[in-house]
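Enquirer: Got a structure for you, entry-v3.csv, holding CSV, C-alpha atoms.
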chain,number,residue,atom,x,y,z
A,297,MET,CA,-22.6,-18.1,-20.3
A,298,ASP,CA,-22.8,-18.5,-16.5
A,299,ALA,CA,-22.4,-14.9,-15.3
A,300,SER,CA,-21.6,-16.2,-11.8
A,301,SER,CA,-18.7,-18.4,-12.9
A,302,ILE,CA,-15.2,-17.5,-11.8
A,303,THR,CA,-13.9,-17.9,-15.4
A,304,PHE,CA,-16.4,-15.4,-16.7
A,305,SER,CA,-15.6,-13.0,-13.8
A,306,PHE,CA,-11.9,-13.2,-14.6
A,307,PHE,CA,-12.7,-12.6,-18.3
A,308,LEU,CA,-14.6,-9.5,-17.5
A,309,ILE,CA,-12.0,-8.2,-15.0
A,310,PHE,CA,-8.9,-8.7,-17.1
A,311,SER,CA,-10.4,-7.8,-20.4
A,312,GLY,CA,-12.0,-4.7,-18.9
A,313,ALA,CA,-8.7,-3.9,-17.0
A,314,ALA,CA,-6.9,-3.9,-20.4
A,315,VAL,CA,-9.4,-1.4,-21.8
A,316,PHE,CA,-9.4,0.8,-18.7
A,317,ALA,CA,-5.7,0.6,-18.4
A,318,SER,CA,-5.2,1.8,-22.0
A,319,LEU,CA,-7.4,4.8,-21.3
A,320,ALA,CA,-5.5,5.5,-18.0
A,321,LEU,CA,-2.1,5.4,-19.8
A,322,TYR,CA,-3.4,7.7,-22.6
A,323,THR,CA,-4.5,10.2,-19.9
A,324,ARG,CA,-1.3,9.7,-17.8
A,325,GLN,CA,-3.2,8.2,-14.9
A,326,PRO,CA,-1.9,5.5,-12.4
A,327,LEU,CA,-3.2,2.1,-13.3
A,328,ILE,CA,-4.6,1.6,-9.8
A,329,ILE,CA,-7.3,4.2,-10.7
A,330,ALA,CA,-8.3,2.2,-13.7
A,331,TYR,CA,-8.7,-1.0,-11.7
A,332,ILE,CA,-10.8,0.7,-9.0
A,333,ALA,CA,-13.0,2.4,-11.6
A,334,LEU,CA,-13.5,-0.9,-13.4
A,335,GLY,CA,-14.7,-2.5,-10.1
A,336,ALA,CA,-17.1,0.4,-9.5
A,337,CYS,CA,-18.5,-0.1,-13.1
A,338,PHE,CA,-18.8,-3.9,-13.1
A,339,GLY,CA,-19.5,-4.5,-9.4
A,340,PRO,CA,-22.8,-4.9,-7.7
A,341,PHE,CA,-23.3,-1.2,-7.2
A,342,GLY,CA,-22.6,-0.5,-10.9
A,343,MET,CA,-23.6,-2.8,-13.8
A,344,SER,CA,-23.7,-5.9,-11.6
A,345,LEU,CA,-21.7,-8.0,-14.1
A,346,VAL,CA,-19.5,-9.4,-11.3
A,347,THR,CA,-21.5,-10.3,-8.2
A,348,ASP,CA,-19.3,-12.5,-6.1
A,349,THR,CA,-17.0,-9.7,-5.0
A,350,GLN,CA,-16.2,-11.5,-1.7
A,351,LEU,CA,-14.5,-14.3,-3.6
A,352,ILE,CA,-12.6,-11.8,-5.8
A,353,SER,CA,-11.6,-9.9,-2.7
A,354,ASP,CA,-10.3,-13.1,-1.0
A,355,ILE,CA,-8.3,-14.0,-4.1
A,356,GLY,CA,-7.1,-10.5,-4.5
A,357,HIS,CA,-5.9,-10.4,-0.9
A,358,VAL,CA,-3.0,-12.6,-2.0
A,359,GLY,CA,-1.8,-9.6,-3.9
A,360,ILE,CA,-1.5,-7.6,-0.7
A,361,ILE,CA,0.5,-10.5,0.8
A,362,PHE,CA,2.9,-10.6,-2.1
A,363,LEU,CA,3.1,-6.7,-2.0
A,364,LEU,CA,4.3,-6.8,1.6
A,365,PHE,CA,6.7,-9.7,0.8
A,366,LEU,CA,8.3,-7.6,-1.9
A,367,LEU,CA,8.4,-4.6,0.3
A,368,GLY,CA,10.3,-6.7,2.8
A,369,LEU,CA,12.7,-7.9,0.0
A,370,ASP,CA,13.4,-4.3,-0.9
A,371,MET,CA,14.1,-3.3,2.7
A,372,GLN,CA,17.9,-3.2,2.3
A,373,PRO,CA,19.5,-2.1,5.6
A,374,GLN,CA,22.0,0.2,3.9
A,375,ALA,CA,19.3,2.1,2.1
A,376,LEU,CA,17.5,2.7,5.4
A,377,TRP,CA,20.5,3.5,7.6
A,378,ALA,CA,21.8,6.0,5.0
A,379,THR,CA,18.9,8.4,5.6
A,380,LEU,CA,17.5,7.1,8.9
A,381,ARG,CA,18.0,10.2,11.0
A,382,LYS,CA,16.5,12.6,8.5
A,383,SER,CA,13.8,10.2,7.4
A,384,THR,CA,12.7,9.4,11.0
A,385,VAL,CA,12.3,13.0,11.9
A,386,VAL,CA,10.3,13.8,8.8
A,387,ALA,CA,8.2,10.6,8.9
A,388,VAL,CA,7.2,11.0,12.6
A,389,PHE,CA,6.3,14.7,12.5
A,390,SER,CA,4.5,14.5,9.2
A,391,SER,CA,2.5,11.4,10.2
A,392,ALA,CA,1.4,13.0,13.4
A,393,LEU,CA,0.2,16.1,11.6
A,394,PHE,CA,-1.7,14.2,9.0
A,395,LEU,CA,-3.3,12.0,11.7
A,396,VAL,CA,-4.5,15.0,13.6
A,397,THR,CA,-5.8,16.7,10.4
A,398,GLY,CA,-7.7,13.7,9.2
A,399,TYR,CA,-9.2,13.2,12.7
A,400,PHE,CA,-10.5,16.7,13.1
A,401,VAL,CA,-11.9,16.9,9.6
A,402,ALA,CA,-13.9,13.7,10.2
A,403,ILE,CA,-15.0,15.0,13.6
A,404,ALA,CA,-16.2,18.2,12.0
A,405,PHE,CA,-18.4,16.3,9.6
A,406,GLY,CA,-20.1,14.3,12.4
A,407,TYR,CA,-18.2,11.0,12.3
A,408,SER,CA,-17.6,9.1,15.5
A,409,SER,CA,-14.4,9.2,17.4
A,410,MET,CA,-13.4,5.7,16.2
A,411,ASP,CA,-14.3,6.5,12.6
A,412,SER,CA,-12.3,9.7,12.8
A,413,LEU,CA,-9.3,8.0,14.4
A,414,VAL,CA,-9.1,5.4,11.6
A,415,VAL,CA,-9.7,8.1,8.9
A,416,GLY,CA,-6.8,10.1,10.4
A,417,ALA,CA,-4.6,7.0,10.5
A,418,ALA,CA,-5.3,6.3,6.8
A,419,MET,CA,-4.2,9.8,5.9
A,420,MET,CA,-0.8,9.4,7.4
A,421,PHE,CA,0.8,7.6,4.5
A,422,SER,CA,1.9,8.4,0.9
A,423,SER,CA,1.6,6.1,-2.0
A,424,THR,CA,4.6,3.7,-2.5
A,425,ILE,CA,3.2,2.9,-6.0
A,426,ILE,CA,2.9,6.5,-7.1
A,427,GLY,CA,6.2,7.6,-5.5
A,428,ILE,CA,8.3,4.7,-6.9
A,429,LYS,CA,6.6,4.3,-10.3
A,430,LEU,CA,6.7,8.0,-11.2
A,431,LEU,CA,10.4,8.5,-10.2
A,432,PRO,CA,12.8,7.8,-13.0
A,433,THR,CA,14.8,4.6,-12.3
A,434,THR,CA,18.2,6.3,-12.6
A,435,VAL,CA,17.1,8.9,-10.1
A,436,LEU,CA,15.6,6.3,-7.8
A,437,HIS,CA,18.8,4.3,-7.5
A,438,HIS,CA,21.5,6.8,-8.0
A,439,ARG,CA,20.4,10.1,-6.6
A,440,HIS,CA,19.9,11.5,-3.0
A,441,ILE,CA,16.2,12.1,-3.6
A,442,GLY,CA,15.8,8.4,-4.4
A,443,GLU,CA,17.5,7.4,-1.1
A,444,LEU,CA,15.3,9.9,0.9
A,445,MET,CA,12.1,8.6,-0.8
A,446,ILE,CA,13.0,5.0,-0.1
A,447,GLY,CA,13.8,5.8,3.5
A,448,LEU,CA,10.6,7.8,4.1
A,449,LEU,CA,8.4,5.2,2.4
A,450,LEU,CA,10.0,2.3,4.3
A,451,LEU,CA,9.4,4.1,7.6
A,452,GLN,CA,5.8,4.8,6.6
A,453,ASP,CA,5.4,1.1,5.6
A,454,LEU,CA,6.6,0.1,9.0
A,455,LEU,CA,4.2,2.5,10.7
A,456,ALA,CA,1.4,1.1,8.5
A,457,ILE,CA,2.2,-2.4,9.5
A,458,ILE,CA,1.9,-1.4,13.2
A,459,ILE,CA,-1.5,0.3,12.5
A,460,LEU,CA,-2.7,-2.8,10.7
A,461,MET,CA,-1.5,-5.0,13.7
A,462,LEU,CA,-3.5,-2.8,16.1
A,463,LEU,CA,-6.6,-2.9,13.9
A,464,LEU,CA,-6.4,-6.7,13.5
A,465,SER,CA,-6.0,-7.1,17.3
A,466,MET,CA,-9.0,-4.9,17.9
A,467,ALA,CA,-11.0,-6.8,15.4
A,468,ASP,CA,-10.1,-10.2,16.9
A,469,GLY,CA,-10.8,-9.2,20.5
A,470,GLU,CA,-13.8,-8.0,22.4
A,471,SER,CA,-13.8,-4.4,23.5
A,472,GLY,CA,-12.4,-5.4,26.9
A,473,ASP,CA,-9.8,-7.8,25.5
A,474,VAL,CA,-8.2,-5.4,23.0
A,475,GLY,CA,-5.2,-4.8,25.3
A,476,THR,CA,-4.7,-8.5,25.9
A,477,SER,CA,-5.0,-9.3,22.3
A,478,LEU,CA,-2.5,-6.5,21.3
A,479,LEU,CA,-0.1,-7.7,24.0
A,480,VAL,CA,-0.3,-11.3,22.6
A,481,THR,CA,0.3,-9.9,19.1
A,482,LEU,CA,3.3,-7.9,20.2
A,483,LEU,CA,4.8,-11.0,21.9
A,484,ALA,CA,4.1,-13.2,18.9
A,485,LEU,CA,5.9,-10.7,16.5
A,486,PRO,CA,9.4,-11.2,17.9
A,487,LEU,CA,8.8,-14.9,18.2
A,488,LEU,CA,7.8,-15.1,14.5
A,489,PHE,CA,10.9,-13.0,13.5
A,490,ILE,CA,13.3,-15.2,15.5
A,491,LEU,CA,11.8,-18.4,14.0
A,492,ALA,CA,12.0,-16.9,10.5
A,493,LEU,CA,15.7,-15.8,11.0
A,494,GLY,CA,16.6,-19.3,12.3
A,495,PHE,CA,14.9,-21.1,9.4
A,496,VAL,CA,16.5,-18.8,6.8
A,497,ARG,CA,20.0,-19.1,8.3
A,498,PHE,CA,20.1,-22.8,8.8
A,499,LEU,CA,18.0,-24.1,5.9
A,500,LEU,CA,16.6,-21.7,3.4
A,501,LEU,CA,19.9,-19.9,2.4
A,502,SER,CA,21.6,-23.3,2.1
A,503,LEU,CA,18.9,-24.5,-0.3
A,504,ILE,CA,19.2,-21.2,-2.3
A,505,ARG,CA,23.0,-21.4,-2.6
A,506,ARG,CA,22.9,-25.1,-3.6
A,507,PHE,CA,20.1,-24.8,-6.2
A,508,ASP,CA,20.3,-21.2,-7.4
A,509,ARG,CA,20.8,-22.3,-11.0
A,510,PHE,CA,17.3,-23.8,-11.1
A,511,HIS,CA,15.2,-20.7,-11.5
A,512,GLU,CA,11.9,-22.6,-11.3
A,513,TYR,CA,12.9,-24.1,-8.0
A,514,ILE,CA,13.9,-20.6,-6.6
A,515,PHE,CA,10.5,-19.3,-7.7
A,516,LEU,CA,8.7,-22.1,-6.0
A,517,LEU,CA,10.8,-21.8,-2.9
A,518,ALA,CA,10.0,-18.1,-2.6
A,519,LEU,CA,6.3,-18.7,-3.0
A,520,GLY,CA,6.4,-21.5,-0.4
A,521,TRP,CA,8.4,-19.3,2.0
A,522,CYS,CA,6.1,-16.2,1.6
A,523,LEU,CA,2.8,-18.1,1.9
A,524,GLY,CA,4.1,-20.5,4.6
A,525,MET,CA,5.2,-17.5,6.8
A,526,ALA,CA,1.8,-15.9,6.1
A,527,GLU,CA,0.0,-19.0,7.4
A,528,LEU,CA,2.4,-19.3,10.4
A,529,ALA,CA,1.6,-15.7,11.3
A,530,VAL,CA,-2.1,-16.4,11.3
A,531,LEU,CA,-1.6,-19.4,13.6
A,532,LEU,CA,0.3,-17.1,16.0
A,533,GLY,CA,-2.5,-14.6,16.1
A,534,LEU,CA,-0.9,-12.1,13.7
A,535,SER,CA,-2.0,-11.3,10.1
A,536,ALA,CA,-0.9,-13.0,6.9
A,537,GLU,CA,0.4,-9.6,5.7
A,538,ILE,CA,2.8,-9.4,8.7
A,539,GLY,CA,4.1,-12.9,8.1
A,540,ALA,CA,4.8,-12.1,4.4
A,541,PHE,CA,6.6,-8.9,5.4
A,542,ILE,CA,8.8,-10.7,7.8
A,543,ALA,CA,9.4,-13.4,5.2
A,544,GLY,CA,10.7,-10.7,2.8
A,545,ILE,CA,12.9,-9.0,5.4
A,546,THR,CA,14.7,-12.1,6.5
A,547,ILE,CA,16.0,-12.9,3.0
A,548,ALA,CA,16.5,-9.3,1.9
A,549,THR,CA,20.3,-9.5,2.3
A,550,SER,CA,20.5,-12.7,0.2
A,551,PRO,CA,22.1,-12.1,-3.3
A,552,ILE,CA,19.1,-13.9,-4.8
A,553,SER,CA,16.5,-11.5,-3.2
A,554,GLN,CA,16.4,-9.2,-6.2
A,555,TYR,CA,15.9,-12.1,-8.6
A,556,ILE,CA,13.0,-13.3,-6.4
A,557,ALA,CA,11.5,-9.8,-6.4
A,558,VAL,CA,11.6,-9.5,-10.2
A,559,SER,CA,10.2,-13.0,-10.6
A,560,LEU,CA,7.2,-12.4,-8.3
A,561,LYS,CA,6.2,-9.0,-9.6
A,562,PRO,CA,4.0,-10.3,-12.4
A,563,LEU,CA,2.3,-12.7,-10.0
A,564,ARG,CA,1.9,-9.8,-7.5
A,565,ASP,CA,0.4,-7.6,-10.2
A,566,PHE,CA,-2.1,-10.3,-11.2
A,567,PHE,CA,-3.5,-10.5,-7.7
A,568,LEU,CA,-3.3,-6.8,-7.0
A,569,ILE,CA,-5.5,-6.1,-10.1
A,570,LEU,CA,-8.1,-8.4,-8.4
A,571,PHE,CA,-7.7,-6.6,-5.1
A,572,PHE,CA,-8.1,-3.1,-6.4
A,573,PHE,CA,-11.0,-4.3,-8.6
A,574,SER,CA,-12.7,-5.6,-5.4
A,575,VAL,CA,-12.1,-2.2,-3.7
A,576,GLY,CA,-13.9,-0.5,-6.5
A,577,ALA,CA,-16.7,-3.2,-6.6
A,578,GLN,CA,-17.4,-2.6,-2.9
A,579,PHE,CA,-17.6,1.2,-3.3
A,580,ASN,CA,-21.3,1.9,-2.8
A,581,LEU,CA,-22.0,4.6,-5.3
A,582,SER,CA,-25.4,5.4,-3.8
A,583,VAL,CA,-23.7,6.5,-0.6
A,584,LEU,CA,-21.1,8.7,-2.4
A,585,PRO,CA,-23.2,11.9,-2.1
A,586,GLU,CA,-23.1,11.5,1.7
A,587,VAL,CA,-19.2,11.4,1.8
A,588,LEU,CA,-18.5,13.7,-1.2
A,589,ALA,CA,-18.2,17.0,0.8
A,590,PRO,CA,-15.8,15.6,3.5
A,591,ALA,CA,-13.9,13.7,0.8
A,592,LEU,CA,-13.4,16.9,-1.2
A,593,VAL,CA,-12.3,18.9,1.9
A,594,MET,CA,-10.0,16.1,3.0
A,595,SER,CA,-8.5,15.7,-0.5
A,596,ILE,CA,-7.8,19.5,-0.8
A,597,LEU,CA,-6.1,19.5,2.6
A,598,ILE,CA,-4.0,16.4,1.8
A,599,LEU,CA,-3.0,17.7,-1.6
A,600,SER,CA,-2.0,21.1,-0.3
A,601,MET,CA,-0.6,20.2,3.2
A,602,LYS,CA,1.6,17.2,2.3
A,603,PRO,CA,3.9,19.0,-0.2
A,604,VAL,CA,4.2,22.0,2.1
A,605,THR,CA,4.8,19.9,5.2
A,606,PHE,CA,7.4,17.7,3.5
A,607,ARG,CA,9.1,20.8,2.0
A,608,TYR,CA,9.6,22.5,5.4
A,609,LEU,CA,10.5,19.4,7.3
A,610,LEU,CA,13.1,18.4,4.7
A,611,LYS,CA,14.4,21.9,4.6
A,612,GLY,CA,14.7,21.8,8.4
A,613,VAL,CA,17.0,18.8,8.2
A,614,SER,CA,19.3,20.6,5.7
A,615,GLU,CA,17.9,19.4,2.4
A,616,ARG,CA,17.9,21.7,-0.6
A,617,ARG,CA,14.7,23.7,-1.3
A,618,SER,CA,14.2,22.3,-4.8
A,619,LEU,CA,14.7,18.7,-3.7
A,620,ALA,CA,12.3,19.3,-0.7
A,621,TRP,CA,9.5,20.6,-3.0
A,622,ASN,CA,10.2,17.8,-5.6
A,623,LEU,CA,9.9,15.1,-3.0
A,624,GLY,CA,7.0,16.8,-1.3
A,625,PHE,CA,4.8,16.8,-4.4
A,626,ARG,CA,5.8,13.2,-5.2
A,627,LEU,CA,4.6,12.1,-1.8
A,628,GLY,CA,1.6,14.5,-1.7
A,629,GLN,CA,-1.3,12.0,-1.8
A,630,ALA,CA,-2.9,9.2,0.3
A,631,SER,CA,-1.7,5.7,-0.1
A,632,GLU,CA,-2.7,2.2,-1.2
A,633,PHE,CA,-2.1,1.4,2.5
A,634,SER,CA,-5.1,3.8,3.2
A,635,LEU,CA,-7.3,1.5,1.2
A,636,LEU,CA,-5.9,-1.5,3.1
A,637,ILE,CA,-6.6,0.2,6.4
A,638,ALA,CA,-10.2,0.8,5.3
A,639,TYR,CA,-10.5,-2.8,4.1
A,640,VAL,CA,-9.3,-4.2,7.4
A,641,ALA,CA,-11.2,-1.8,9.6
A,642,ILE,CA,-14.6,-2.3,7.8
A,643,GLY,CA,-13.9,-6.1,7.7
A,644,GLY,CA,-13.5,-6.1,11.5
A,645,ALA,CA,-16.6,-3.9,12.0
A,646,LEU,CA,-14.4,-1.2,13.6
A,647,ILE,CA,-15.7,1.7,11.5
A,648,SER,CA,-18.9,2.6,9.6
A,649,GLU,CA,-19.4,2.1,5.9
A,650,LYS,CA,-19.4,5.9,5.5
A,651,ALA,CA,-16.0,6.2,7.1
A,652,SER,CA,-14.6,3.4,4.8
A,653,LEU,CA,-16.1,5.2,1.7
A,654,LEU,CA,-14.6,8.5,2.9
A,655,ILE,CA,-11.1,6.9,3.1
A,656,GLN,CA,-11.6,5.3,-0.3
A,657,ALA,CA,-12.9,8.4,-2.0
A,658,THR,CA,-10.2,10.6,-0.6
A,659,THR,CA,-7.5,8.1,-1.6
A,660,ILE,CA,-8.8,7.9,-5.1
A,661,LEU,CA,-9.1,11.6,-5.5
A,662,THR,CA,-5.6,12.4,-4.2
A,663,LEU,CA,-4.0,9.6,-6.3
A,664,LEU,CA,-5.7,11.1,-9.4
A,665,VAL,CA,-4.8,14.7,-8.8
A,666,SER,CA,-1.3,14.1,-7.4
A,667,SER,CA,-0.3,12.0,-10.4
A,668,TYR,CA,-1.4,14.8,-12.7
A,669,ILE,CA,0.7,17.3,-10.7
A,670,VAL,CA,3.8,15.1,-10.8
A,671,VAL,CA,3.5,14.2,-14.4
A,672,LEU,CA,3.0,17.8,-15.6
A,673,ASN,CA,5.8,19.3,-13.5
A,674,TYR,CA,8.5,16.7,-12.8
A,675,PRO,CA,10.5,14.1,-14.7
A,676,THR,CA,8.7,10.8,-14.9
A,677,PRO,CA,8.8,7.7,-17.1
A,678,ILE,CA,5.4,8.8,-18.6
A,679,GLY,CA,6.2,12.5,-19.0
A,680,LEU,CA,4.1,14.4,-21.6
A,681,THR,CA,7.2,16.0,-23.1
A,682,ASP,CA,10.7,14.8,-24.0
A,683,LYS,CA,12.1,17.1,-21.4
A,684,LEU,CA,10.0,15.5,-18.6
A,685,ARG,CA,10.1,11.9,-19.9
A,686,ARG,CA,12.9,9.9,-18.3
A,687,ASP,CA,13.2,6.2,-17.7
Can the structure in the file be given as structure tokens, please?

Expert:
Amino acid sequence: MDASSITFSFFLIFSGAAVFASLALYTRQPLIIAYIALGACFGPFGMSLVTDTQLISDIGHVGIIFLLFLLGLDMQPQALWATLRKSTVVAVFSSALFLVTGYFVAIAFGYSSMDSLVVGAAMMFSSTIIGIKLLPTTVLHHRHIGELMIGLLLLQDLLAIIILMLLLSMADGESGDVGTSLLVTLLALPLLFILALGFVRFLLLSLIRRFDRFHEYIFLLALGWCLGMAELAVLLGLSAEIGAFIAGITIATSPISQYIAVSLKPLRDFFLILFFFSVGAQFNLSVLPEVLAPALVMSILILSMKPVTFRYLLKGVSERRSLAWNLGFRLGQASEFSLLIAYVAIGGALISEKASLLIQATTILTLLVSSYIVVLNYPTPIGLTDKLRRD
């Protein structure tokens, strides 16, 4: 069998993912850890069973596009406005603190200023996947903690989008042209949003209302809209991720948006498995000893500081102490956006390989430990006891 064929690679990835995911579920781990571990095992720095990781990464990048499209679809204005004041205060102060912490830890271990700045930026965010997946559905949609979590994560997602825009602008421009490139990007963003709103209002919603009974057609229309906006964003000098995010926002208020979100989730998960596999496959295990010490220090700080920070900030905006601790621990890790920031920064030659590995190692460690803390102490759909297991 041709070990370099895409079919054989897919066989290894998805069969291996099924095995690793089973082990992850038995040990109450988030599946993202299983996919990254699988990539590290099968990739060129492990057993070298999958060698064309660039192709896998390019295909898996579609999963990030769909992820941001679905985040846009879930950005309901009423959910954001309901907790905007409290969420904004907490999001701004917490993000600034984690940025400074990450920066100075990296500086202390001898990383360059640019490396340290990107490392600090990657530490600002909490995991949407862990936060949402480990919160019981009834709590997520019908309790105040669910509203607060959605508000905080949405604001963090918006901040992450801005960081990604800045990194992409810096990667595309020479050192002297970064300001010009960023200015063009910022001008292109409202233009893209206006074009998208106009298209949705005068054509897309009419098509959806007229043919909403044909589910296959709605599915194809959503795919075309998402990927079409992604390509238009690239033509305007933005990123495909930004285009997909705007595509989701502009149809979020449509009654059909939740059907689209549900329909696209399996397709998103398919591509996200490939993306996180590629993250693990590009993890150079031989360099791990060089980043292990800073990764451990960073992970300990993130795991201890985030719950405490969120607890005191939420208490400061009149939230109950028990709710503040609950939400703090659920958001007490680095994010999948941290991995995406590392991916974009290293792809644009903005940071060193060691800095990228530091971000990846810290993210993986905090996702791992944080998921254990939440599962062992708070109600989740995968709780170890009947008392803690809630759907």

Enquirer: Please report the interatomic distance between CA of Ser383 in chain A and CA of Leu454 in chain A in Å with one decimal.

Expert: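 Atom-to-atom, CA of Ser383 in chain A and CA of Leu454 in chain A are spaced 12.5 Å apart.
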
Enquirer: Please identify every residue of range 612-656 of chain A that has at least one atom no farther than 10 Å from an atom of range 550-572 of chain A, counting all atoms listed in the file, and for each give the shortest atom pair and the distance in Å to one decimal, arranged by chain then increasing number, as CSV.

Expert:
residue,atom,partner,partner_atom,distance
A:Glu632,CA,A:Phe572,CA,9.2
A:Leu635,CA,A:Phe572,CA,8.9
A:Leu636,CA,A:Phe571,CA,9.8

Enquirer: From (7.9, 20.7, 0.4), in the file's coordinates, out to 9 Å: which residues are reached, counting only C-alpha atoms? Answer as a PyMOL selection string.

Expert: chain A and resi 601-611+617-625

Enquirer: With C-alpha atoms retained, write the just-selected residues as a PDB file, keeping the file's coordinate frame.

Expert:
ATOM      1  CA  MET A 601      -0.600  20.200   3.200  1.00  0.00           C
ATOM      2  CA  LYS A 602       1.600  17.200   2.300  1.00  0.00           C
ATOM      3  CA  PRO A 603       3.900  19.000  -0.200  1.00  0.00           C
ATOM      4  CA  VAL A 604       4.200  22.000   2.100  1.00  0.00           C
ATOM      5  CA  THR A 605       4.800  19.900   5.200  1.00  0.00           C
ATOM      6  CA  PHE A 606       7.400  17.700   3.500  1.00  0.00           C
ATOM      7  CA  ARG A 607       9.100  20.800   2.000  1.00  0.00           C
ATOM      8  CA  TYR A 608       9.600  22.500   5.400  1.00  0.00           C
ATOM      9  CA  LEU A 609      10.500  19.400   7.300  1.00  0.00           C
ATOM     10  CA  LEU A 610      13.100  18.400   4.700  1.00  0.00           C
ATOM     11  CA  LYS A 611      14.400  21.900   4.600  1.00  0.00           C
ATOM     12  CA  ARG A 617      14.700  23.700  -1.300  1.00  0.00           C
ATOM     13  CA  SER A 618      14.200  22.300  -4.800  1.00  0.00           C
ATOM     14  CA  LEU A 619      14.700  18.700  -3.700  1.00  0.00           C
ATOM     15  CA  ALA A 620      12.300  19.300  -0.700  1.00  0.00           C
ATOM     16  CA  TRP A 621       9.500  20.600  -3.000  1.00  0.00           C
ATOM     17  CA  ASN A 622      10.200  17.800  -5.600  1.00  0.00           C
ATOM     18  CA  LEU A 623       9.900  15.100  -3.000  1.00  0.00           C
ATOM     19  CA  GLY A 624       7.000  16.800  -1.300  1.00  0.00           C
ATOM     20  CA  PHE A 625       4.800  16.800  -4.400  1.00  0.00           C
TER      21      PHE A 625
END

Enquirer: Which is closest to Ile459 in chain A among A:Ile660, A:Ile309, A:Ser634, A:Ile547, if we use all atoms listed in the file?

Expert: A:Ser634

Enquirer: Tell me, in Å to one decimal, how far CA of Leu532 in chain A is from CA of Ser502 in chain A.

Expert: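 The value is 26.2 Å.
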
Enquirer: In Å, with one decimal, what is the gap from CA of Gly427 in chain A to CA of Ala313 in chain A?

Expert: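 We find that CA of Gly427 in chain A and CA of Ala313 in chain A lie 22.1 Å from each other.
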
Enquirer: Which residue is closest to Ala630 in chain A? Choose from A:Gly339, A:Ile598, A:Trp521, A:Leu488 and count only C-alpha atoms.

Expert: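 Smallest separation from Ala630 in chain A among the options: A:Ile598.
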
Enquirer: Please provide the set of residues having any atom within 10 Å of Asp453 in chain A, restricted to only C-alpha atoms, with same-chain residues fewer than 2 positions apart removed, written as a ChimeraX atom specification.

Expert: /A:364,367-368,421-424,447-451,455-459,633

Enquirer: Considering only C-alpha atoms, state which residue in the set A:Phe316, A:Phe338, A:Phe365, A:Phe310 is at the smallest distance from Glu537 in chain A.

Expert: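 Residue with the minimum atom-to-atom distance to Glu537 in chain A: A:Phe365.
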
Enquirer: Which residues, protein or nucleic acid, reach to within 10 Å of (-14.4, -0.6, 6.4) in the file's coordinates when using all atoms listed in the file, and can you give that as a ChimeraX atom specification?

Expert: /A:411,414,578,635-656

Enquirer: For Leu431 in chain A, list every protein, DNA or RNA residue within 6 Å, evaluated using all atoms listed in the file, and leave out those in the same chain fewer than 2 positions away; present the list as an MDAnalysis selection string.

Expert: chainID A and resid 428:429 676

Enquirer: Rank A:Leu395, A:Ile446, A:Leu663, A:Leu366 by their smallest atom-to-atom distance to Leu519 in chain A, using only C-alpha atoms, and report the top residue only.

Expert: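 Closest to Leu519 in chain A, using only C-alpha atoms: A:Leu366.
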
Enquirer: For Pro432 in chain A, work out the shell of residues within 8 Å, counting only C-alpha atoms and skipping chain neighbours fewer than 5 positions away, then give it as a list in words.

Expert: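 Contacts, in chain order: Pro675, Thr676, Pro677, Arg686 and Asp687 of chain A.
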
Enquirer: Select range 378-398 of chain A in the preceding structure and write C-alpha atoms to a file as a PDB file, in the first residue's frame.

Expert:
ATOM      1  CA  ALA A 378     -27.618  40.681  27.951  1.00  0.00           C
ATOM      2  CA  THR A 379     -24.202  40.458  29.608  1.00  0.00           C
ATOM      3  CA  LEU A 380     -22.206  43.002  27.584  1.00  0.00           C
ATOM      4  CA  ARG A 381     -21.300  45.369  30.431  1.00  0.00           C
ATOM      5  CA  LYS A 382     -20.108  42.688  32.807  1.00  0.00           C
ATOM      6  CA  SER A 383     -18.498  40.551  30.108  1.00  0.00           C
ATOM      7  CA  THR A 384     -16.596  43.491  28.609  1.00  0.00           C
ATOM      8  CA  VAL A 385     -15.065  44.544  31.924  1.00  0.00           C
ATOM      9  CA  VAL A 386     -14.051  40.986  32.785  1.00  0.00           C
ATOM     10  CA  ALA A 387     -12.777  40.171  29.277  1.00  0.00           C
ATOM     11  CA  VAL A 388     -10.655  43.324  28.926  1.00  0.00           C
ATOM     12  CA  PHE A 389      -8.971  43.193  32.344  1.00  0.00           C
ATOM     13  CA  SER A 390      -8.401  39.429  32.312  1.00  0.00           C
ATOM     14  CA  SER A 391      -6.985  39.453  28.771  1.00  0.00           C
ATOM     15  CA  ALA A 392      -4.579  42.278  29.625  1.00  0.00           C
ATOM     16  CA  LEU A 393      -3.357  40.429  32.729  1.00  0.00           C
ATOM     17  CA  PHE A 394      -2.784  37.141  30.878  1.00  0.00           C
ATOM     18  CA  LEU A 395      -1.029  38.962  28.016  1.00  0.00           C
ATOM     19  CA  VAL A 396       1.417  40.595  30.436  1.00  0.00           C
ATOM     20  CA  THR A 397       1.958  37.326  32.336  1.00  0.00           C
ATOM     21  CA  GLY A 398       2.703  35.326  29.193  1.00  0.00           C
TER      22      GLY A 398
END
